[in-house]
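Q: Take a look at this one; I'll ask things after.
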Amino acid sequence: MDVRSQVSMVFHLDKCIGCHTCSIACKNIWTDRKGAEYMWWNNVETKPGTGYPTKWEDQEIYKGGWEKNGDTVSLKGAGKFRGLKNIFHNPHLPVLDDYYEPWTYKYQDLFTAPEGDDQPTARPVSLVTGEHMDVQSGPNWDDDLGGSPDYARQDVNLNQLSEAEREAMFQLERMTFHYLPRICNHCLNPACVASCPSGALYKRGEDGIVLINQERCRAWRMCVTACPYKKSYYNWHTGKSEKCILCYPRLESGQAPACFHSCVGRIRYLGVLLYDADKIEQAASAPDDRLVDAQMDIYLDPFDPEVIKQARLNGVADSTIIAAQKSPVYKFVKLWKLALPLHPEFRTLPNLFYVPALLPTMATVANGVYDSTSKSLWNGVESNRLPMKYLASLFSAGDTGKVTEVMKRLMAVRLHRRGVTVGDLNSAEISQALKEVQMDGSTADEIFRLTSLATFDERFVIPPAHREESIEMLESTADVKGNTGFGFKRKPERGL
Amino acid sequence: MTSYLLFVVLPYAALAIFLIGSIYRYRSNEFSVSSISSQFLEGRKLFWGSQPFHWGLFILFFGHLIAFLFPSAVIAWNGQPVRLLILEIAAFTFGLSALFGLFLLIYRRLTTRRIQIVTSKMDLVVYAVLLTQIISGLLVAYHSRWGSSWFAAFLTPYLRSIFVFDPQIEAISSVTSLSLKVHVVSAFTLIGIIPFTRFVHFLVYPVDYLWRSYQQVIWNWSRKHIRTSRKHSEGYKSTNN
Ligand code: SF4
Ligand code: SF4
């Protein structure tokens with residue numbers, strides 16, 4: 001057992017209101033720079049939809065992630081041979097237009113326009129070329145199902161559905177959507193790291209954050225192809241790739257990452273998971289129907305004395321182990337089995353888990369008549385407005401059993417709380433629902449609490465970074481005292 | 001005198017600038033060492049330019065290197081006319097391919113709006129030197145047959161004399177072929193401007209990717225065997241302590 005710790009995340013989709021505050025918080029801090037304007041390390045998509053970059057989930061186009069290859073996995077569109085062969089021109093690289101051409105407006109024209117009969121306008125100008133442009137698309141162009149025939153109906157996850165199921169989904173009265181906020185998953189088997197020819201990408205041992213060494217990156221662009229989530233971006237101005245850094249400077253000082261901190265819907269949770277690194281390769285190469293289970297097996301029980309012992313032997317700090325025991329992520333993912341990884345079939349073992357949205361299913365349409373009377377309160381999860389097959393394609397590599405199970409658990413919590421607060425359901429129905437998912441009332445209450453009433457410190461359990469130790473390892477402390485400070489490489493010596 | 005300048009002073013100056021400049025740039029500002037690829041802004045035209053250009057140069061570079069390192073092997077190979085022809089035609093083809101690619105790259109850079117934005121003055125210098133280099137090379141190959149044989153017999157001794165600090169320039173300065181002189185001079189110019197241009201990216205071609213482990217984990221503090229393991233998806237020894 002090789003116990004390591006990983007800072008991991010849960011997003012509760014039922015709570016996301018699609019406000020994009022998270023994206024803006026991130027943009028303001030990290031990517032409001034030349035060459036990075038088009039990057040959204042955090043982006044929010046509407047599902048069904050084609051997302052950003054367009055159709056990123058379709059690996060027939062982008063060749064991201066890993067493929068099963070016998071007992072192990074190999075990169076789908078990169079790797080040692082393919083990477084070096086394609087280094088002069090990477091045929092699978094998304095280009096600017098697959099994202100969108102960033103733009104701003106000539107606001108100054110509003111002030112400087114000469115007096116005339118027409119209202120002055122601020123025309124859009126490209127942030128790349130500086131010329132006037134017609135805006136064609138943006139990072140959330142299909143927000144709230146805007147332009148559905150072009151976007152929602154092109155969603156790759158619909159491939160799993162039959163023609164009839166698709167038509168049913170897009171009936172006006174039945175139509176529904178949810179938001180999907182995405183950041184880098186700081187994967188356990190990161191395809192981006194494996195694909196980098198110059199070794200610029202790495203995973204931090206202490207907390208598992210995946211970073212790109214900006215000095216070492218040589219613009220070979222392989223990580224952009226290899227990341228199946230398209231969360232490594234190429235900065236066309238500096239000639240270096242960049243990606244989400246999970247706000248590590250904030251984490252190291254005990255603050256939540258900016259997108260977590262600013263989240264209006266409070267959908268985000270962050271905490272430590274302990275995992276067994278010996279099992280990574282095995283889990284990444286599990287057959288499709290075992291993928292989610294195999295990944296769940298990697299994560300360890302932070303209360304198990306044997307795990308604690310091994311963790312200590314491996315140098316995991318005690319404070320980190322305590323953080324792992326309090327981790328809300330551990331609860332959602334392992335204890336309560338409510339959260340699933342996004343597209344586990346990409347085999348990168350992502351560490352961002354989603355609680356799927358339990359979309360309202362109260363009303364049905366029969367012969368064109370909208371009918372809100374139903375036998376049971378929410379009609380059961382099978383009549384969910386988004387078909388289980390669709391959700392399974394997002395969160396469980398097509399295994400509808402897995403998502404149905406999660407939905408049933410979420411439903412049980414709802415019924416239980418309805419019983420507590422409104423009390424209009426018969427108790428047999430509630431206990432039946434709880435029994436079916438082997439959950440007791442107090443667990444349901446706990447889930448309810450962490451879902452809706454949790455405080456800041458319950459949602460974000462950040463392990464202390466112990467930088468005091470690392471600085472002693474990295475540099476002589478005597479040196480540090482005489483140094484100029486952050487960002488400088490030379491001593492503050494007086495010039496000639 | 002001119003010969004002395006061109007074939008002794010220039011080579012040494014170029015090599016010195018190349019060595020000191022590249023090391024200095026790498027150590028003082030590694031961030032600037034990048035291929036600064038523009039594929040992200042324009043991919044289709046790049047394919048037709050970049051592939052023939054790079055592969056052409058790649059092969060020619062190794063061809064010249066072999067002739068420099070093992071001249072007798074090349075002469076022996078050329079002993080049979082068929083083999084000589086194969087070698088010459090192959091080399092000429094790769095030269096043409098590089099030239100063709102370079103034309104497309106220049107065309108792309110000058111006419112695509114998005115690429116103009118990321119074009120620096122040094123890029124134009126790079127193009128000028130490369131054009132001179134490739135065209136003069138092709139002329140030499142066409143007019144002064146057979147280049148592969150006399151390179152080994154005649155240029156290699158000169159180049160070696162440079163590297164052993166005993167420059168012998170009688171042979172090269174008595175050459176009448178202008179294209180050959182241009183080829184040699186522009187080659188040293190090219191070497192000399194490496195530290196100031198995007199040429200630096202060829203110095204950091206990532207061969208070590210071939211033997212490195214796929215996954216890389218870096219620790220801040222020492223942690224037993226995990227850090228020295230080279231197994232897939234396990235750790236990798238950090239270089240920072
Ligand atoms: S999500 Fe992509 S960029 Fe992030 S660690 Fe995984 S493979 Fe790398
Ligand atoms: S800030 Fe929170 S609620 Fe708003 S879009 Fe982002 S994740 Fe959703």
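Following the order of the structure tokens, first chain is A, next is B, and so on, with residues numbered from 1 inside each chain and ligands from 1 in the order they appear.
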As a list in words, could you give me every residue of chain A near chain B (at most 6 Å apart, counting only C-alpha atoms)?
A: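 Close enough to count are Lys80, His89, Val95, Leu96, Thr129, Ala194, Pro197, Ser198, Tyr202, Lys203, Arg204, Gly205, Glu215, Arg218, Ala219, Gly239 and Ser470 of chain A.
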Q: Keeping all heavy atoms for every residue in the selection just given, could you write it to a file as a short mmCIF file (atom, residue, chain, number, x, y, z; two decimals), in the first residue's frame?
A:
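Output (selection_25.cif):
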data_model
loop_
_atom_site.label_atom_id
_atom_site.label_comp_id
_atom_site.auth_asym_id
_atom_site.auth_seq_id
_atom_site.Cartn_x
_atom_site.Cartn_y
_atom_site.Cartn_z
N LYS A 80 4.89 8.45 -26.47
CA LYS A 80 6.28 8.64 -26.87
C LYS A 80 6.44 8.66 -28.37
O LYS A 80 6.97 9.60 -28.94
CB LYS A 80 7.13 7.55 -26.23
CG LYS A 80 7.11 7.70 -24.73
CD LYS A 80 8.10 6.83 -24.01
CE LYS A 80 8.00 7.18 -22.52
NZ LYS A 80 8.89 6.42 -21.68
N HIS A 89 3.71 19.05 -36.33
CA HIS A 89 2.32 19.43 -36.58
C HIS A 89 1.45 18.40 -35.90
O HIS A 89 1.48 17.22 -36.25
CB HIS A 89 2.01 19.47 -38.08
CG HIS A 89 0.59 19.87 -38.35
ND1 HIS A 89 -0.43 18.97 -38.36
CD2 HIS A 89 0.04 21.09 -38.58
CE1 HIS A 89 -1.57 19.61 -38.60
NE2 HIS A 89 -1.30 20.90 -38.73
N VAL A 95 -7.83 24.21 -32.38
CA VAL A 95 -7.31 25.55 -32.69
C VAL A 95 -8.25 26.60 -32.10
O VAL A 95 -9.33 26.27 -31.61
CB VAL A 95 -7.13 25.76 -34.20
CG1 VAL A 95 -6.04 24.86 -34.73
CG2 VAL A 95 -8.42 25.54 -34.93
N LEU A 96 -7.82 27.85 -32.17
CA LEU A 96 -8.56 28.93 -31.53
C LEU A 96 -10.05 28.87 -31.84
O LEU A 96 -10.89 29.07 -30.96
CB LEU A 96 -7.97 30.28 -31.97
CG LEU A 96 -8.60 31.51 -31.32
CD1 LEU A 96 -8.35 31.52 -29.82
CD2 LEU A 96 -8.06 32.79 -31.93
N THR A 129 -6.29 39.88 -32.99
CA THR A 129 -5.75 40.71 -34.06
C THR A 129 -6.00 42.19 -33.84
O THR A 129 -5.42 43.02 -34.52
CB THR A 129 -6.37 40.32 -35.41
OG1 THR A 129 -7.79 40.55 -35.33
CG2 THR A 129 -6.14 38.86 -35.73
N ALA A 194 1.53 12.66 -18.76
CA ALA A 194 2.16 11.57 -19.51
C ALA A 194 2.51 11.99 -20.93
O ALA A 194 3.43 11.46 -21.52
CB ALA A 194 1.22 10.37 -19.55
N PRO A 197 6.29 15.94 -23.80
CA PRO A 197 7.60 15.45 -24.21
C PRO A 197 8.74 16.07 -23.40
O PRO A 197 9.73 15.40 -23.13
CB PRO A 197 7.71 15.87 -25.68
CG PRO A 197 6.32 16.12 -26.13
CD PRO A 197 5.60 16.61 -24.92
N SER A 198 8.57 17.32 -22.97
CA SER A 198 9.70 17.92 -22.26
C SER A 198 9.59 17.75 -20.75
O SER A 198 10.42 18.28 -20.02
CB SER A 198 9.84 19.40 -22.63
OG SER A 198 8.60 20.03 -22.58
N TYR A 202 3.75 18.04 -14.10
CA TYR A 202 3.99 17.11 -13.01
C TYR A 202 2.86 17.18 -12.02
O TYR A 202 2.09 18.14 -12.01
CB TYR A 202 5.33 17.41 -12.32
CG TYR A 202 5.40 18.78 -11.68
CD1 TYR A 202 5.19 18.95 -10.31
CD2 TYR A 202 5.64 19.92 -12.45
CE1 TYR A 202 5.24 20.21 -9.73
CE2 TYR A 202 5.69 21.18 -11.88
CZ TYR A 202 5.48 21.32 -10.52
OH TYR A 202 5.52 22.56 -9.95
N LYS A 203 2.79 16.16 -11.21
CA LYS A 203 1.80 16.12 -10.13
C LYS A 203 2.54 16.38 -8.85
O LYS A 203 3.59 15.78 -8.61
CB LYS A 203 1.14 14.74 -10.12
CG LYS A 203 -0.11 14.65 -9.28
CD LYS A 203 -0.79 13.30 -9.53
CE LYS A 203 -2.02 13.14 -8.68
NZ LYS A 203 -3.09 14.06 -9.00
N ARG A 204 2.01 17.27 -8.01
CA ARG A 204 2.69 17.53 -6.75
C ARG A 204 2.45 16.36 -5.81
O ARG A 204 1.31 15.93 -5.62
CB ARG A 204 2.15 18.80 -6.09
CG ARG A 204 2.33 20.03 -6.93
CD ARG A 204 2.58 21.24 -6.11
NE ARG A 204 1.53 21.55 -5.16
CZ ARG A 204 1.50 22.70 -4.47
NH1 ARG A 204 2.46 23.59 -4.64
NH2 ARG A 204 0.53 22.93 -3.62
N GLY A 205 3.51 15.86 -5.22
CA GLY A 205 3.38 14.70 -4.36
C GLY A 205 2.49 14.95 -3.16
O GLY A 205 1.67 14.12 -2.79
N GLU A 215 8.72 27.34 -17.08
CA GLU A 215 10.06 27.48 -17.62
C GLU A 215 10.38 26.31 -18.54
O GLU A 215 11.11 26.45 -19.51
CB GLU A 215 11.09 27.49 -16.48
CG GLU A 215 10.86 28.60 -15.49
CD GLU A 215 12.02 29.56 -15.44
OE1 GLU A 215 13.14 29.10 -15.20
OE2 GLU A 215 11.80 30.78 -15.65
N ARG A 218 7.85 23.79 -23.69
CA ARG A 218 8.47 24.20 -24.96
C ARG A 218 7.45 24.30 -26.08
O ARG A 218 7.79 24.19 -27.27
CB ARG A 218 9.54 23.20 -25.39
CG ARG A 218 10.53 22.84 -24.32
CD ARG A 218 11.66 23.85 -24.25
NE ARG A 218 12.57 23.45 -23.18
CZ ARG A 218 12.87 24.23 -22.16
NH1 ARG A 218 12.38 25.43 -22.06
NH2 ARG A 218 13.69 23.82 -21.23
N ALA A 219 6.19 24.40 -25.72
CA ALA A 219 5.13 24.55 -26.74
C ALA A 219 5.04 23.37 -27.68
O ALA A 219 4.77 23.54 -28.87
CB ALA A 219 5.32 25.85 -27.53
N GLY A 239 3.69 31.30 -25.83
CA GLY A 239 4.21 30.04 -26.33
C GLY A 239 4.41 29.04 -25.22
O GLY A 239 5.39 28.29 -25.21
N SER A 470 8.81 22.67 3.65
CA SER A 470 9.31 22.60 2.29
C SER A 470 10.33 23.69 2.00
O SER A 470 11.27 23.47 1.26
CB SER A 470 8.17 22.64 1.28
OG SER A 470 7.34 23.72 1.53
#
Q: Collect all residues with atoms no farther than 6 Å from ligand 1, counting only C-alpha atoms and all ligand atoms, and output them as a VMD selection string.
A: chain A and resid 184 to 187 190 to 192 210 227 229 231 to 232
Q: Take the residues that were just selected and, keeping C-alpha atoms, output them as a tab-separated table (two decimals), in the first residue's frame.
A:
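Contents of the output file selection_20.tsv:
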chain	number	residue	atom	x	y	z
A	184	CYS	CA	-9.14	20.58	-14.15
A	185	ASN	CA	-9.73	17.28	-12.36
A	186	HIS	CA	-6.18	16.98	-11.02
A	187	CYS	CA	-6.34	13.37	-12.12
A	190	PRO	CA	-3.16	12.50	-15.73
A	191	ALA	CA	-2.94	12.18	-19.49
A	192	CYS	CA	-1.51	15.68	-19.72
A	210	VAL	CA	-1.19	18.97	-11.44
A	227	CYS	CA	-6.26	16.06	-21.71
A	229	TYR	CA	-11.36	17.38	-20.59
A	231	LYS	CA	-8.32	21.69	-19.45
A	232	SER	CA	-4.80	22.37	-20.59
Q: Compute the set of protein, DNA and RNA residues whose minimum atom distance to ligand 2 is at most 8 Å, using only C-alpha atoms and all ligand atoms, and state it as a VMD selection string.
A: chain A and resid 11 13 15 to 23 43 to 44 179 to 181 259 to 260 262 to 268
Q: Which polymer residues have any atom within 10 Å of an atom of Leu391 of chain A, counting only C-alpha atoms, with same-chain residues fewer than 4 positions away left out, as a list in words?
A: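 The neighbour list is Lys47, Pro48, Asn157, Leu158, Leu342, Pro356, Ala357, Leu386, Pro387, Phe395, Ser396, Ala397, Gly398, Asp399, Thr400, Lys402, Val403 and Thr404 of chain A.
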Q: Compile the contact shell of Phe151 of chain B as number ranges by chain: residues with an atom at most 10 Å away, counting only C-alpha atoms, same-chain residues fewer than 6 positions apart removed.
A: B: 64, 67-68, 71, 74-75, 157-158
Q: Put those residues in a file: N, CA, C and O atoms, as a compact mmCIF listing (two decimals), in the first residue's frame.
A:
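Produced file selection23.txt, reproduced below:
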# COMPACT_ATOMS: atom_id res chain seq x y z
N HIS B 64 24.47 15.65 -43.00
CA HIS B 64 25.69 16.44 -42.87
C HIS B 64 26.51 15.95 -41.68
O HIS B 64 27.73 15.89 -41.74
N ALA B 67 28.37 12.79 -42.59
CA ALA B 67 29.50 13.08 -43.48
C ALA B 67 30.64 13.73 -42.70
O ALA B 67 31.81 13.55 -43.02
N PHE B 68 30.28 14.47 -41.66
CA PHE B 68 31.30 15.14 -40.85
C PHE B 68 31.99 14.14 -39.93
O PHE B 68 33.20 14.16 -39.76
N PRO B 71 33.49 10.43 -42.58
CA PRO B 71 33.66 10.72 -44.01
C PRO B 71 34.05 9.48 -44.81
O PRO B 71 33.56 9.29 -45.92
N VAL B 74 31.13 7.40 -45.84
CA VAL B 74 30.35 7.98 -46.93
C VAL B 74 31.06 7.75 -48.25
O VAL B 74 30.44 7.36 -49.25
N ILE B 75 32.38 7.92 -48.25
CA ILE B 75 33.12 7.72 -49.50
C ILE B 75 33.03 6.26 -49.93
O ILE B 75 32.81 5.95 -51.11
N PRO B 157 37.57 17.83 -43.77
CA PRO B 157 38.87 18.24 -43.22
C PRO B 157 38.88 19.70 -42.78
O PRO B 157 39.40 20.03 -41.70
N TYR B 158 38.24 20.56 -43.57
CA TYR B 158 38.20 21.97 -43.18
C TYR B 158 37.45 22.13 -41.86
O TYR B 158 37.94 22.78 -40.92
Q: Which residues are near segment 280-283 of chain A? Cut-off 8 Å, only C-alpha atoms, ignore same chain within fewer than 6 positions. Put them as a list in words.
A: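 After dropping sequence-adjacent residues, the list is Asp71, Thr72, Val73, Leu188, Asn189, Leu291, Ala294, Gln295 and Ile298 of chain A; His232 and Ser233 of chain B.
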Q: Since we have the selection now, will you write its residues out, keeping C-alpha atoms, as a PDB file, in the first residue's frame?
A:
ATOM      1  CA  ASP A  71      -3.551  -5.015 -19.066  1.00  0.00           C
ATOM      2  CA  THR A  72      -2.548  -1.410 -19.159  1.00  0.00           C
ATOM      3  CA  VAL A  73      -3.518   1.836 -20.839  1.00  0.00           C
ATOM      4  CA  LEU A 188      -4.589  10.410 -10.521  1.00  0.00           C
ATOM      5  CA  ASN A 189      -3.531   9.174 -13.953  1.00  0.00           C
ATOM      6  CA  LEU A 291     -14.271   1.645 -14.025  1.00  0.00           C
ATOM      7  CA  ALA A 294     -12.242   0.342  -9.493  1.00  0.00           C
ATOM      8  CA  GLN A 295     -11.643   4.044  -8.987  1.00  0.00           C
ATOM      9  CA  ILE A 298      -8.387   3.350  -4.767  1.00  0.00           C
TER      10      ILE A 298
ATOM     11  CA  HIS B 232       4.513   3.529 -14.741  1.00  0.00           C
ATOM     12  CA  SER B 233       2.275   5.741 -12.645  1.00  0.00           C
TER      13      SER B 233
END
Q: At what distance in Å, to one decimal, does atom CA of Ile245 of chain A lie from atom CA of Ala317 of chain A?
A: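 Going from atom CA of Ala317 of chain A over to atom CA of Ile245 of chain A, I get 21.9 Å.
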Q: Between atom CA of Leu190 of chain B and atom CA of Pro167 of chain B, what is the spacing in Å?
A: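 If I compute the distance from atom CA of Pro167 of chain B to atom CA of Leu190 of chain B, I get 19.8 Å.
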Q: Quick one: residues within 6 Å of Lys240 of chain A, only C-alpha atoms, excluding same-chain residues fewer than 2 positions away - as a ChimeraX atom specification?
A: /A:217,219,235,238
Q: Apply DSSP to the backbone of this structure and, from segment 95-339 of chain A, keep only the residues in helix (DSSP H, G or I); write these as number ranges by chain.
A: A: 96-99, 108-112, 143-145, 152-154, 156-160, 163-169, 191-195, 222-226, 248-252, 258-262, 277-284, 288-298, 305-313, 318-325, 328-335
Q: Could you name the residues that touch Ile20 of chain B at 12 Å or less, counting only C-alpha atoms, but leaving out those on the same chain fewer than 3 positions away, as a CSV table (one decimal) with N, CA, C and O atoms, in the first residue's frame?
A:
chain,number,residue,atom,x,y,z
B,12,TYR,N,34.6,30.9,-35.8
B,12,TYR,CA,34.9,31.0,-34.3
B,12,TYR,C,34.0,31.9,-33.6
B,12,TYR,O,33.5,31.6,-32.5
B,13,ALA,N,33.7,33.0,-34.2
B,13,ALA,CA,32.8,34.0,-33.6
B,13,ALA,C,31.4,33.3,-33.4
B,13,ALA,O,30.8,33.4,-32.3
B,14,ALA,N,31.0,32.7,-34.5
B,14,ALA,CA,29.6,32.1,-34.5
B,14,ALA,C,29.5,31.0,-33.4
B,14,ALA,O,28.6,31.0,-32.6
B,15,LEU,N,30.6,30.1,-33.4
B,15,LEU,CA,30.5,29.0,-32.4
B,15,LEU,C,30.6,29.6,-31.0
B,15,LEU,O,29.8,29.1,-30.1
B,16,ALA,N,31.4,30.6,-30.8
B,16,ALA,CA,31.5,31.1,-29.4
B,16,ALA,C,30.1,31.8,-29.0
B,16,ALA,O,29.6,31.5,-27.9
B,17,ILE,N,29.6,32.6,-29.9
B,17,ILE,CA,28.3,33.2,-29.6
B,17,ILE,C,27.2,32.1,-29.3
B,17,ILE,O,26.5,32.2,-28.4
B,23,ILE,N,23.8,28.9,-23.7
B,23,ILE,CA,23.8,28.6,-22.3
B,23,ILE,C,23.3,29.7,-21.4
B,23,ILE,O,22.5,29.5,-20.5
B,24,TYR,N,23.7,30.9,-21.8
B,24,TYR,CA,23.3,32.1,-21.0
B,24,TYR,C,21.8,32.2,-21.1
B,24,TYR,O,21.1,32.4,-20.1
B,25,ARG,N,21.2,32.1,-22.3
B,25,ARG,CA,19.8,32.3,-22.4
B,25,ARG,C,19.0,31.2,-21.7
B,25,ARG,O,18.0,31.5,-21.0
B,26,TYR,N,19.5,30.0,-21.8
B,26,TYR,CA,18.8,28.9,-21.1
B,26,TYR,C,18.9,29.1,-19.6
B,26,TYR,O,17.9,28.9,-18.9
B,27,ARG,N,20.0,29.5,-19.1
B,27,ARG,CA,20.1,29.6,-17.6
B,27,ARG,C,19.5,30.9,-17.1
B,27,ARG,O,19.0,30.9,-15.9
B,28,SER,N,19.5,32.0,-17.8
B,28,SER,CA,19.0,33.2,-17.2
B,28,SER,C,17.5,33.4,-17.5
B,28,SER,O,16.8,34.1,-16.8
B,191,ILE,N,24.3,29.3,-37.2
B,191,ILE,CA,24.7,28.9,-35.9
B,191,ILE,C,24.9,30.1,-34.9
B,191,ILE,O,24.5,30.0,-33.8
B,192,GLY,N,25.4,31.1,-35.4
B,192,GLY,CA,25.7,32.3,-34.6
B,192,GLY,C,24.4,33.0,-34.1
B,192,GLY,O,24.4,33.6,-33.0
B,193,ILE,N,23.3,32.9,-34.9
B,193,ILE,CA,22.1,33.6,-34.4
B,193,ILE,C,21.2,32.7,-33.6
B,193,ILE,O,20.1,33.2,-33.1
B,194,ILE,N,21.6,31.5,-33.4
B,194,ILE,CA,20.7,30.6,-32.6
B,194,ILE,C,20.2,31.2,-31.3
B,194,ILE,O,19.0,31.2,-31.1
B,195,PRO,N,21.1,31.7,-30.5
B,195,PRO,CA,20.6,32.2,-29.2
B,195,PRO,C,19.7,33.4,-29.3
B,195,PRO,O,19.0,33.7,-28.3
B,196,PHE,N,19.6,34.0,-30.4
B,196,PHE,CA,18.8,35.2,-30.5
B,196,PHE,C,17.5,35.0,-31.2
B,196,PHE,O,16.7,35.9,-31.5
Q: For atom CA of Ser149 of chain B and atom CA of Gly101 of chain B, determine how far apart the two atoms are, in Å to one decimal place.
A: 26.7 Å
Q: Which residue out of A:Asn90, A:Gln432, A:Gln171, A:Asn140 has the minimum interatomic distance to Arg385 of chain A when only C-alpha atoms are used?
A: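 Closest residue, counting only C-alpha atoms: A:Gln171.
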